[in-house]
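Reproduced below: target_35.txt, with compact mmCIF, N, CA and C atoms.
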# COMPACT_ATOMS: atom_id res chain seq x y z
N VAL A 138 9.70 5.54 0.21
CA VAL A 138 9.77 5.56 1.66
C VAL A 138 9.52 6.99 2.13
N ALA A 139 8.72 7.12 3.20
CA ALA A 139 8.48 8.42 3.83
C ALA A 139 8.69 8.26 5.33
N CYS A 140 9.38 9.23 5.94
CA CYS A 140 9.65 9.16 7.39
C CYS A 140 9.14 10.41 8.09
N THR A 141 8.60 10.22 9.28
CA THR A 141 8.25 11.30 10.18
C THR A 141 8.76 10.89 11.56
N GLY A 142 9.71 11.64 12.07
CA GLY A 142 10.34 11.25 13.33
C GLY A 142 11.09 9.94 13.14
N SER A 143 10.89 9.01 14.06
CA SER A 143 11.57 7.70 13.95
C SER A 143 10.72 6.67 13.22
N ARG A 144 9.55 7.06 12.71
CA ARG A 144 8.65 6.15 12.01
C ARG A 144 8.82 6.34 10.49
N CYS A 145 9.06 5.24 9.78
CA CYS A 145 9.16 5.28 8.32
C CYS A 145 8.16 4.31 7.72
N THR A 146 7.63 4.66 6.57
CA THR A 146 6.68 3.83 5.85
C THR A 146 7.21 3.58 4.45
N ALA A 147 7.28 2.31 4.07
CA ALA A 147 7.74 1.92 2.73
C ALA A 147 6.59 1.21 2.02
N VAL A 148 6.44 1.47 0.73
CA VAL A 148 5.36 0.83 -0.04
C VAL A 148 5.93 0.10 -1.24
N GLY A 149 5.16 -0.85 -1.74
CA GLY A 149 5.56 -1.62 -2.91
C GLY A 149 4.49 -2.63 -3.25
N THR A 150 4.93 -3.84 -3.58
CA THR A 150 4.01 -4.90 -4.00
C THR A 150 4.61 -6.25 -3.63
N TYR A 151 3.74 -7.26 -3.55
CA TYR A 151 4.21 -8.64 -3.31
C TYR A 151 3.32 -9.60 -4.09
N GLU A 152 3.87 -10.77 -4.38
CA GLU A 152 3.12 -11.78 -5.13
C GLU A 152 2.39 -12.68 -4.13
N SER A 153 1.06 -12.55 -4.06
CA SER A 153 0.27 -13.32 -3.10
C SER A 153 0.02 -14.74 -3.57
N SER A 154 -0.04 -14.94 -4.87
CA SER A 154 -0.15 -16.25 -5.51
C SER A 154 0.39 -16.07 -6.92
N PRO A 155 0.69 -17.15 -7.63
CA PRO A 155 1.28 -16.98 -8.96
C PRO A 155 0.47 -16.04 -9.85
N GLY A 156 1.11 -14.95 -10.28
CA GLY A 156 0.47 -14.00 -11.18
C GLY A 156 -0.44 -12.99 -10.51
N ARG A 157 -0.57 -13.01 -9.19
CA ARG A 157 -1.43 -12.05 -8.50
C ARG A 157 -0.58 -11.21 -7.55
N TRP A 158 -0.40 -9.95 -7.93
CA TRP A 158 0.41 -9.01 -7.16
C TRP A 158 -0.49 -8.06 -6.40
N LEU A 159 -0.17 -7.83 -5.13
CA LEU A 159 -0.99 -6.97 -4.27
C LEU A 159 -0.14 -5.91 -3.59
N PRO A 160 -0.78 -4.82 -3.11
CA PRO A 160 -0.04 -3.75 -2.45
C PRO A 160 0.64 -4.22 -1.16
N LEU A 161 1.78 -3.62 -0.85
CA LEU A 161 2.52 -3.94 0.36
C LEU A 161 2.91 -2.64 1.05
N VAL A 162 2.70 -2.59 2.38
CA VAL A 162 3.16 -1.48 3.20
C VAL A 162 3.92 -2.05 4.38
N GLU A 163 5.11 -1.53 4.63
CA GLU A 163 5.88 -1.92 5.80
C GLU A 163 6.23 -0.65 6.59
N THR A 164 6.25 -0.79 7.92
CA THR A 164 6.51 0.34 8.79
C THR A 164 7.72 0.07 9.68
N TRP A 165 8.60 1.05 9.78
CA TRP A 165 9.78 0.99 10.64
C TRP A 165 9.47 1.78 11.91
N ASN A 166 9.67 1.17 13.07
CA ASN A 166 9.38 1.82 14.34
C ASN A 166 10.63 2.25 15.09
N GLY A 167 11.77 2.24 14.42
CA GLY A 167 13.02 2.59 15.05
C GLY A 167 13.85 1.36 15.43
N ARG A 168 13.21 0.18 15.42
CA ARG A 168 13.90 -1.06 15.79
C ARG A 168 13.74 -2.16 14.74
N GLY A 169 12.63 -2.14 13.99
CA GLY A 169 12.39 -3.19 13.00
C GLY A 169 11.22 -2.85 12.10
N TRP A 170 11.10 -3.61 11.02
CA TRP A 170 10.03 -3.43 10.05
C TRP A 170 8.85 -4.34 10.38
N THR A 171 7.63 -3.83 10.17
CA THR A 171 6.40 -4.59 10.37
C THR A 171 5.52 -4.41 9.14
N ILE A 172 4.93 -5.50 8.67
CA ILE A 172 3.99 -5.41 7.55
C ILE A 172 2.65 -4.89 8.07
N SER A 173 2.10 -3.91 7.39
CA SER A 173 0.80 -3.34 7.74
C SER A 173 -0.24 -3.86 6.75
N PRO A 174 -1.34 -4.45 7.22
CA PRO A 174 -2.38 -4.91 6.30
C PRO A 174 -2.94 -3.74 5.48
N THR A 175 -3.14 -3.98 4.19
CA THR A 175 -3.71 -2.96 3.30
C THR A 175 -4.94 -3.52 2.62
N PRO A 176 -5.88 -2.65 2.27
CA PRO A 176 -7.07 -3.13 1.57
C PRO A 176 -6.72 -3.62 0.17
N SER A 177 -7.40 -4.65 -0.26
CA SER A 177 -7.25 -5.14 -1.63
C SER A 177 -8.59 -5.71 -2.05
N SER A 178 -8.67 -6.14 -3.27
CA SER A 178 -9.91 -6.66 -3.82
C SER A 178 -9.62 -7.91 -4.64
N SER A 179 -10.55 -8.86 -4.62
CA SER A 179 -10.38 -10.05 -5.45
C SER A 179 -10.46 -9.69 -6.93
N GLY A 180 -10.95 -8.49 -7.25
CA GLY A 180 -11.05 -8.03 -8.62
C GLY A 180 -9.81 -7.31 -9.12
N TRP A 181 -8.72 -7.38 -8.35
CA TRP A 181 -7.47 -6.72 -8.73
C TRP A 181 -6.40 -7.74 -9.09
N TYR A 182 -5.57 -7.41 -10.02
CA TYR A 182 -4.29 -8.08 -10.19
C TYR A 182 -3.29 -7.02 -10.63
N ASN A 183 -2.02 -7.31 -10.48
CA ASN A 183 -0.97 -6.33 -10.75
C ASN A 183 -1.19 -5.03 -9.98
N ALA A 184 -1.65 -5.13 -8.73
CA ALA A 184 -1.82 -3.95 -7.89
C ALA A 184 -0.48 -3.60 -7.26
N GLN A 185 -0.16 -2.32 -7.26
CA GLN A 185 1.12 -1.90 -6.72
C GLN A 185 1.01 -0.49 -6.14
N LEU A 186 1.71 -0.29 -5.06
CA LEU A 186 1.86 1.05 -4.51
C LEU A 186 3.22 1.56 -4.93
N LEU A 187 3.25 2.77 -5.49
CA LEU A 187 4.48 3.30 -6.08
C LEU A 187 5.08 4.45 -5.30
N GLY A 188 4.29 5.08 -4.44
CA GLY A 188 4.80 6.22 -3.69
C GLY A 188 4.00 6.42 -2.42
N VAL A 189 4.64 7.08 -1.43
CA VAL A 189 3.97 7.34 -0.16
C VAL A 189 4.43 8.71 0.35
N TRP A 190 3.52 9.41 1.01
CA TRP A 190 3.81 10.70 1.62
C TRP A 190 3.15 10.71 2.99
N CYS A 191 3.88 11.09 4.02
CA CYS A 191 3.35 11.15 5.39
C CYS A 191 3.58 12.54 5.95
N SER A 192 2.52 13.13 6.51
CA SER A 192 2.66 14.43 7.16
C SER A 192 2.84 14.27 8.66
N SER A 193 2.51 13.08 9.18
CA SER A 193 2.69 12.77 10.60
C SER A 193 2.63 11.25 10.76
N ALA A 194 2.81 10.78 11.99
CA ALA A 194 2.75 9.33 12.25
C ALA A 194 1.34 8.80 12.08
N THR A 195 0.35 9.69 12.04
CA THR A 195 -1.05 9.26 11.92
C THR A 195 -1.71 9.70 10.62
N LYS A 196 -0.93 10.16 9.67
CA LYS A 196 -1.51 10.58 8.40
C LYS A 196 -0.55 10.35 7.24
N CYS A 197 -0.86 9.33 6.43
CA CYS A 197 -0.08 9.02 5.23
C CYS A 197 -1.03 8.75 4.07
N VAL A 198 -0.55 9.00 2.88
CA VAL A 198 -1.27 8.65 1.66
C VAL A 198 -0.30 7.92 0.74
N ALA A 199 -0.72 6.76 0.24
CA ALA A 199 0.08 5.98 -0.70
C ALA A 199 -0.68 5.94 -2.03
N THR A 200 0.05 6.02 -3.12
CA THR A 200 -0.57 5.99 -4.44
C THR A 200 0.04 4.87 -5.28
N GLY A 201 -0.74 4.41 -6.21
CA GLY A 201 -0.29 3.35 -7.10
C GLY A 201 -1.33 3.05 -8.15
N SER A 202 -1.37 1.79 -8.59
CA SER A 202 -2.32 1.41 -9.62
C SER A 202 -2.67 -0.07 -9.47
N TYR A 203 -3.74 -0.45 -10.13
CA TYR A 203 -4.14 -1.85 -10.19
C TYR A 203 -4.81 -2.11 -11.53
N THR A 204 -4.83 -3.36 -11.93
CA THR A 204 -5.53 -3.77 -13.13
C THR A 204 -6.78 -4.52 -12.70
N ALA A 205 -7.93 -4.15 -13.26
CA ALA A 205 -9.20 -4.80 -12.93
C ALA A 205 -9.26 -6.16 -13.62
N THR A 206 -9.55 -7.19 -12.85
CA THR A 206 -9.63 -8.55 -13.38
C THR A 206 -10.68 -8.65 -14.48
N ALA A 207 -11.84 -8.04 -14.27
CA ALA A 207 -12.97 -8.17 -15.20
C ALA A 207 -12.72 -7.50 -16.55
N THR A 208 -12.05 -6.34 -16.55
CA THR A 208 -11.90 -5.57 -17.78
C THR A 208 -10.49 -5.54 -18.35
N GLY A 209 -9.50 -5.80 -17.51
CA GLY A 209 -8.11 -5.69 -17.94
C GLY A 209 -7.63 -4.25 -18.01
N LEU A 210 -8.47 -3.30 -17.58
CA LEU A 210 -8.10 -1.89 -17.60
C LEU A 210 -7.33 -1.54 -16.34
N GLN A 211 -6.41 -0.59 -16.47
CA GLN A 211 -5.60 -0.16 -15.34
C GLN A 211 -6.20 1.11 -14.74
N TYR A 212 -6.22 1.17 -13.40
CA TYR A 212 -6.78 2.31 -12.67
C TYR A 212 -5.78 2.80 -11.63
N GLN A 213 -5.87 4.07 -11.30
CA GLN A 213 -5.07 4.62 -10.22
C GLN A 213 -5.72 4.26 -8.89
N MET A 214 -4.91 4.19 -7.84
CA MET A 214 -5.43 3.85 -6.53
C MET A 214 -4.73 4.71 -5.49
N GLU A 215 -5.48 5.06 -4.44
CA GLU A 215 -4.92 5.73 -3.28
C GLU A 215 -5.34 4.97 -2.05
N GLN A 216 -4.43 4.91 -1.08
CA GLN A 216 -4.76 4.32 0.22
C GLN A 216 -4.30 5.31 1.28
N ALA A 217 -5.08 5.41 2.36
CA ALA A 217 -4.81 6.39 3.41
C ALA A 217 -4.60 5.71 4.75
N TRP A 218 -3.65 6.23 5.53
CA TRP A 218 -3.34 5.74 6.87
C TRP A 218 -3.87 6.75 7.88
N ASN A 219 -4.62 6.27 8.86
CA ASN A 219 -5.20 7.17 9.88
C ASN A 219 -4.55 7.01 11.25
N GLY A 220 -3.44 6.32 11.31
CA GLY A 220 -2.77 6.08 12.57
C GLY A 220 -2.98 4.67 13.10
N SER A 221 -4.00 3.97 12.55
CA SER A 221 -4.23 2.58 13.00
C SER A 221 -4.53 1.62 11.84
N THR A 222 -5.12 2.10 10.75
CA THR A 222 -5.43 1.22 9.63
C THR A 222 -5.25 1.96 8.29
N TRP A 223 -5.04 1.16 7.24
CA TRP A 223 -5.04 1.67 5.88
C TRP A 223 -6.41 1.46 5.28
N SER A 224 -6.89 2.40 4.48
CA SER A 224 -8.17 2.25 3.82
C SER A 224 -8.07 2.75 2.39
N LYS A 225 -8.96 2.22 1.52
CA LYS A 225 -9.01 2.72 0.14
C LYS A 225 -9.57 4.12 0.21
N ASP A 226 -8.92 5.03 -0.49
CA ASP A 226 -9.32 6.43 -0.44
C ASP A 226 -10.12 6.81 -1.67
Kindly return the structure encoded in the file as structure tokens.
Amino acid sequence: VACTGSRCTAVGTYESSPGRWLPLVETWNGRGWTISPTPSSSGWYNAQLLGVWCSSATKCVATGSYTATATGLQYQMEQAWNGSTWSKD
């Protein structure tokens, strides 16, 4: 979890279907949590965000990893928040 002012961002993972885990980002606005859509790929499984750092309400970076469906190899992943959307970095 990373907070700037009254805004907090939490990262993790969720099971979208049996055996398929995808990144999860939730944002606290001072009153409640909201799920923020994050980029993912049909070629990923066991994708997870493990840490997040925010320098402001409009700039965050989340890091984690995913396993490629085609190769079974694990890769590092970064996602960036620009104040309105998350994107693969």
#### Entry: Close residues, Trp165 of chain A itself excluded, 6 Å, only C-alpha atoms, min 2 positions apart in chain, as a PyMOL selection string
chain A and resi 144-145+167+169-170
### Task
Please measure the separation of atom C of Ala184 of chain A and atom C of Cys140 of chain A, giving the value in Å to one decimal.
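Spanning atom C of Ala184 of chain A to atom C of Cys140 of chain A is a straight-line distance of 22.9 Å.
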### Message
Just the number, please: distance in Å from atom CA of Pro176 of chain A to atom N of Ser143 of chain A, one decimal.
### Response
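Between atom CA of Pro176 of chain A and atom N of Ser143 of chain A the gap works out to 25.0 Å.
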### Query
Counting only N, CA and C atoms, what is within 7 Å of Leu187 of chain A, bar same-chain residues fewer than 2 positions away, as a list in words?
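Listed by chain and then number, they are Val148, Gly149, Gln185, Val189, Ala199, Thr200, Gly201 and Ser202 of chain A.
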### Proximity to Ala139 of chain A - best of A:Ser177, A:Ser221, A:Thr164, A:Gln216, only C-alpha atoms
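Distance minimum relative to Ala139 of chain A lands on A:Thr164.
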